[in-house]
Amino acid sequence: MLYLIGLGLNSKGYSKEAYETVEKADKLYLESYTVEFHYSKEEIEKEFGKKIEDADREKVENLSLIDEAKKQDVALLIYGTPLTATTHITLIQEAKKKKVKIKVIHSASVLDAIAETGLQIYKFGKITSIPNFEADSFIKIVKENLSINAHSLILVDIGMNFSEALDKIANACAKHKVKLEKVIACSRLGNSDSKIYYDGTNNLKSKKVKAPFCIIIPGKLHFVEKEFLEGFS
């Protein structure tokens, strides 16, 4: 059987169900390519008391996990919640085709935690991301969201630092004539050292924003949202 297990947002963010499943699993893998972990694999091994192997993009996408799961219980540990990456949806589809049982154990993710900004979740539009190469297609999604007064959650590729992400956003907004005022920067949400900032991109560059982080371009603000956000200025 193949288990997709969400680890939540910190090193102790997994559920009791996740812990019990890990205990009985024959093999554990840590998915290591969709987010920049701010704690080590060794910390996770210490929490669970079991050895964990790394699973890079090739390991997950070549579907060898499914073949292993035909003979034993295999668990893939994933930061946040399991099904925000399309690769993991593909795993489920292929497992079904090969008649391998699969179970998903959900957990908290950035999609829950951004509510700490005071923005209303139902007012978010499409999620977009900044790639680690020259491309500004993400700004098209931002423009779509702004056209319906929706907020834009922007994720970033592994390895991109905060200052670089801000530059890409500022440049793309200037190029595509998107009026950019204050943005929201969220760092390590769900952790004891989490930070939320609300300011202009130039001012935010002086902040020490640690990975994993995300950036939000707010749409039209309700007065309650605006009042809450000002507390992070």
# chains A, B, ... in the order shown; residues from 1 in each chain; ligands from 1

$ select_by_dssp --residues "stretch 9-191 of chain A" --states "strand (DSSP E or B)" --output "PyMOL selection string"
chain A and resi 27-31+53-55+74-78+80+102-105+124+128-130+151-156+183-187

$ select_by_dssp --residues "stretch 11-199 of chain A" --states "alpha helix (DSSP H)" --output "PyMOL selection string"
chain A and resi 16-24+41-48+57-61+64-69+86-97+110-113+138-147+162-175

$ closest_atom_pairs --of "stretch 20-97 of chain A" --to "stretch 174-197 of chain A" --cutoff "12 Å" --atoms "only C-alpha atoms" --output "tab-separated table"
residue	atom	partner	partner_atom	distance
A:Val35	CA	A:Arg188	CA	11.5
A:Glu36	CA	A:Arg188	CA	10.5
A:Phe37	CA	A:Arg188	CA	9.9
A:His38	CA	A:Arg188	CA	8.2
A:Tyr39	CA	A:Asn191	CA	10.9
A:Tyr79	CA	A:Gly190	CA	12.0
A:Gly80	CA	A:Gly190	CA	10.0

$ closest_atom_pairs --of "stretch 30-130 of chain A" --to "stretch 216-224 of chain A" --cutoff "12 Å" --atoms "only C-alpha atoms" --output "tab-separated table"
residue	atom	partner	partner_atom	distance
A:Val110	CA	A:Ile216	CA	11.7
A:Leu111	CA	A:Ile216	CA	11.7
A:Ile114	CA	A:Ile216	CA	9.0
A:Ala115	CA	A:Ile216	CA	11.4
A:Thr117	CA	A:Ile216	CA	9.5
A:Gly118	CA	A:Val224	CA	8.0
A:Leu119	CA	A:Leu221	CA	8.1
A:Gln120	CA	A:His222	CA	8.8
A:Ile121	CA	A:Pro218	CA	11.6
A:Lys123	CA	A:Gly219	CA	8.3
A:Phe124	CA	A:Gly219	CA	8.3
A:Gly125	CA	A:Gly219	CA	9.2
A:Lys126	CA	A:Ile216	CA	11.6
A:Ile127	CA	A:Ile216	CA	9.8
A:Thr128	CA	A:Ile216	CA	10.1
A:Ser129	CA	A:Ile216	CA	10.8

$ atom_distance --atom1 "atom CA of A:Ala18" --atom2 "atom CA of A:Lys210"
26.9 Å

$ atom_distance --atom1 "atom CA of A:Lys143" --atom2 "atom CA of A:Ala170"
13.5 Å

$ decode --residues "stretch 112-221 of chain A" --atoms "C-alpha atoms" --output "short mmCIF file (atom, residue, chain, number, x, y, z; two decimals), in the first residue's frame"
data_model
loop_
_atom_site.label_atom_id
_atom_site.label_comp_id
_atom_site.auth_asym_id
_atom_site.auth_seq_id
_atom_site.Cartn_x
_atom_site.Cartn_y
_atom_site.Cartn_z
CA ASP A 112 -4.60 27.37 5.69
CA ALA A 113 -1.91 29.44 7.34
CA ILE A 114 -2.26 32.53 5.11
CA ALA A 115 -5.45 33.28 7.05
CA GLU A 116 -3.09 34.63 9.74
CA THR A 117 -2.69 37.70 7.53
CA GLY A 118 -6.31 38.61 8.24
CA LEU A 119 -7.24 38.24 4.58
CA GLN A 120 -10.46 36.35 3.96
CA ILE A 121 -9.68 32.99 2.38
CA TYR A 122 -12.69 33.00 0.07
CA LYS A 123 -11.40 36.23 -1.51
CA PHE A 124 -8.24 34.60 -2.90
CA GLY A 125 -8.09 33.95 -6.63
CA LYS A 126 -5.85 31.57 -8.57
CA ILE A 127 -2.53 30.60 -6.97
CA THR A 128 0.58 31.29 -9.01
CA SER A 129 4.33 30.81 -8.61
CA ILE A 130 7.59 32.43 -9.62
CA PRO A 131 9.88 30.00 -11.47
CA ASN A 132 13.65 29.84 -11.02
CA PHE A 133 14.24 31.02 -14.59
CA GLU A 134 13.40 34.09 -16.67
CA ALA A 135 9.63 34.14 -17.01
CA ASP A 136 6.93 36.53 -15.87
CA SER A 137 3.81 34.61 -16.83
CA PHE A 138 2.81 34.59 -13.17
CA ILE A 139 1.80 38.24 -13.48
CA LYS A 140 -1.01 37.28 -15.89
CA ILE A 141 -2.65 35.34 -13.05
CA VAL A 142 -2.19 38.32 -10.74
CA LYS A 143 -3.90 40.59 -13.29
CA GLU A 144 -6.79 38.14 -13.62
CA ASN A 145 -7.21 38.07 -9.85
CA LEU A 146 -7.05 41.84 -9.51
CA SER A 147 -9.69 42.21 -12.24
CA ILE A 148 -12.15 40.48 -9.90
CA ASN A 149 -10.78 42.17 -6.74
CA ALA A 150 -9.24 38.88 -5.57
CA HIS A 151 -6.01 38.40 -3.60
CA SER A 152 -3.05 36.63 -5.24
CA LEU A 153 -0.95 34.05 -3.40
CA ILE A 154 2.48 33.79 -5.01
CA LEU A 155 4.72 30.82 -4.24
CA VAL A 156 8.39 30.57 -5.25
CA ASP A 157 10.69 27.87 -6.57
CA ILE A 158 13.26 26.26 -4.27
CA GLY A 159 16.51 28.21 -4.05
CA MET A 160 15.10 31.65 -4.83
CA ASN A 161 15.83 34.19 -2.12
CA PHE A 162 13.34 36.77 -0.93
CA SER A 163 15.03 39.80 -2.48
CA GLU A 164 15.14 38.10 -5.88
CA ALA A 165 11.45 37.23 -5.67
CA LEU A 166 10.58 40.84 -4.82
CA ASP A 167 12.59 42.09 -7.80
CA LYS A 168 10.84 39.70 -10.16
CA ILE A 169 7.44 40.84 -8.90
CA ALA A 170 8.29 44.54 -9.09
CA ASN A 171 9.76 44.21 -12.60
CA ALA A 172 6.85 42.15 -13.90
CA CYS A 173 4.32 44.62 -12.46
CA ALA A 174 6.14 47.55 -14.07
CA LYS A 175 6.35 45.78 -17.44
CA HIS A 176 2.69 44.76 -17.46
CA LYS A 177 1.41 48.03 -15.94
CA VAL A 178 0.12 46.52 -12.72
CA LYS A 179 -0.13 49.10 -9.96
CA LEU A 180 1.87 47.73 -7.06
CA GLU A 181 1.49 49.30 -3.66
CA LYS A 182 1.92 47.31 -0.46
CA VAL A 183 2.42 43.54 -0.58
CA ILE A 184 2.39 40.91 2.14
CA ALA A 185 5.38 38.69 2.87
CA CYS A 186 4.85 35.55 4.96
CA SER A 187 7.80 33.61 6.36
CA ARG A 188 7.65 30.17 7.97
CA LEU A 189 3.95 30.26 8.74
CA GLY A 190 2.94 27.70 11.35
CA ASN A 191 6.29 27.88 13.14
CA SER A 192 7.47 29.61 16.30
CA ASP A 193 9.62 32.01 14.24
CA SER A 194 6.94 32.90 11.69
CA LYS A 195 6.80 36.48 10.43
CA ILE A 196 4.28 38.52 8.44
CA TYR A 197 5.18 41.87 6.85
CA TYR A 198 3.00 44.39 5.03
CA ASP A 199 4.86 47.09 3.12
CA GLY A 200 6.15 48.28 -0.24
CA THR A 201 8.65 46.06 -2.07
CA ASN A 202 11.55 48.47 -1.54
CA ASN A 203 11.01 48.58 2.22
CA LEU A 204 10.55 44.82 2.44
CA LYS A 205 14.01 44.20 1.00
CA SER A 206 15.53 45.17 4.35
CA LYS A 207 13.60 42.41 6.16
CA LYS A 208 15.20 39.07 6.93
CA VAL A 209 12.57 36.79 5.44
CA LYS A 210 13.49 33.14 5.82
CA ALA A 211 12.38 30.23 3.63
CA PRO A 212 9.89 28.84 3.12
CA PHE A 213 8.12 32.09 2.33
CA CYS A 214 5.30 33.32 0.12
CA ILE A 215 4.17 36.71 -1.11
CA ILE A 216 0.63 37.99 -1.41
CA ILE A 217 -0.56 40.82 -3.64
CA PRO A 218 -3.83 41.90 -2.08
CA GLY A 219 -6.87 42.73 -4.15
CA LYS A 220 -9.61 45.02 -2.93
CA LEU A 221 -9.50 45.06 0.86
#
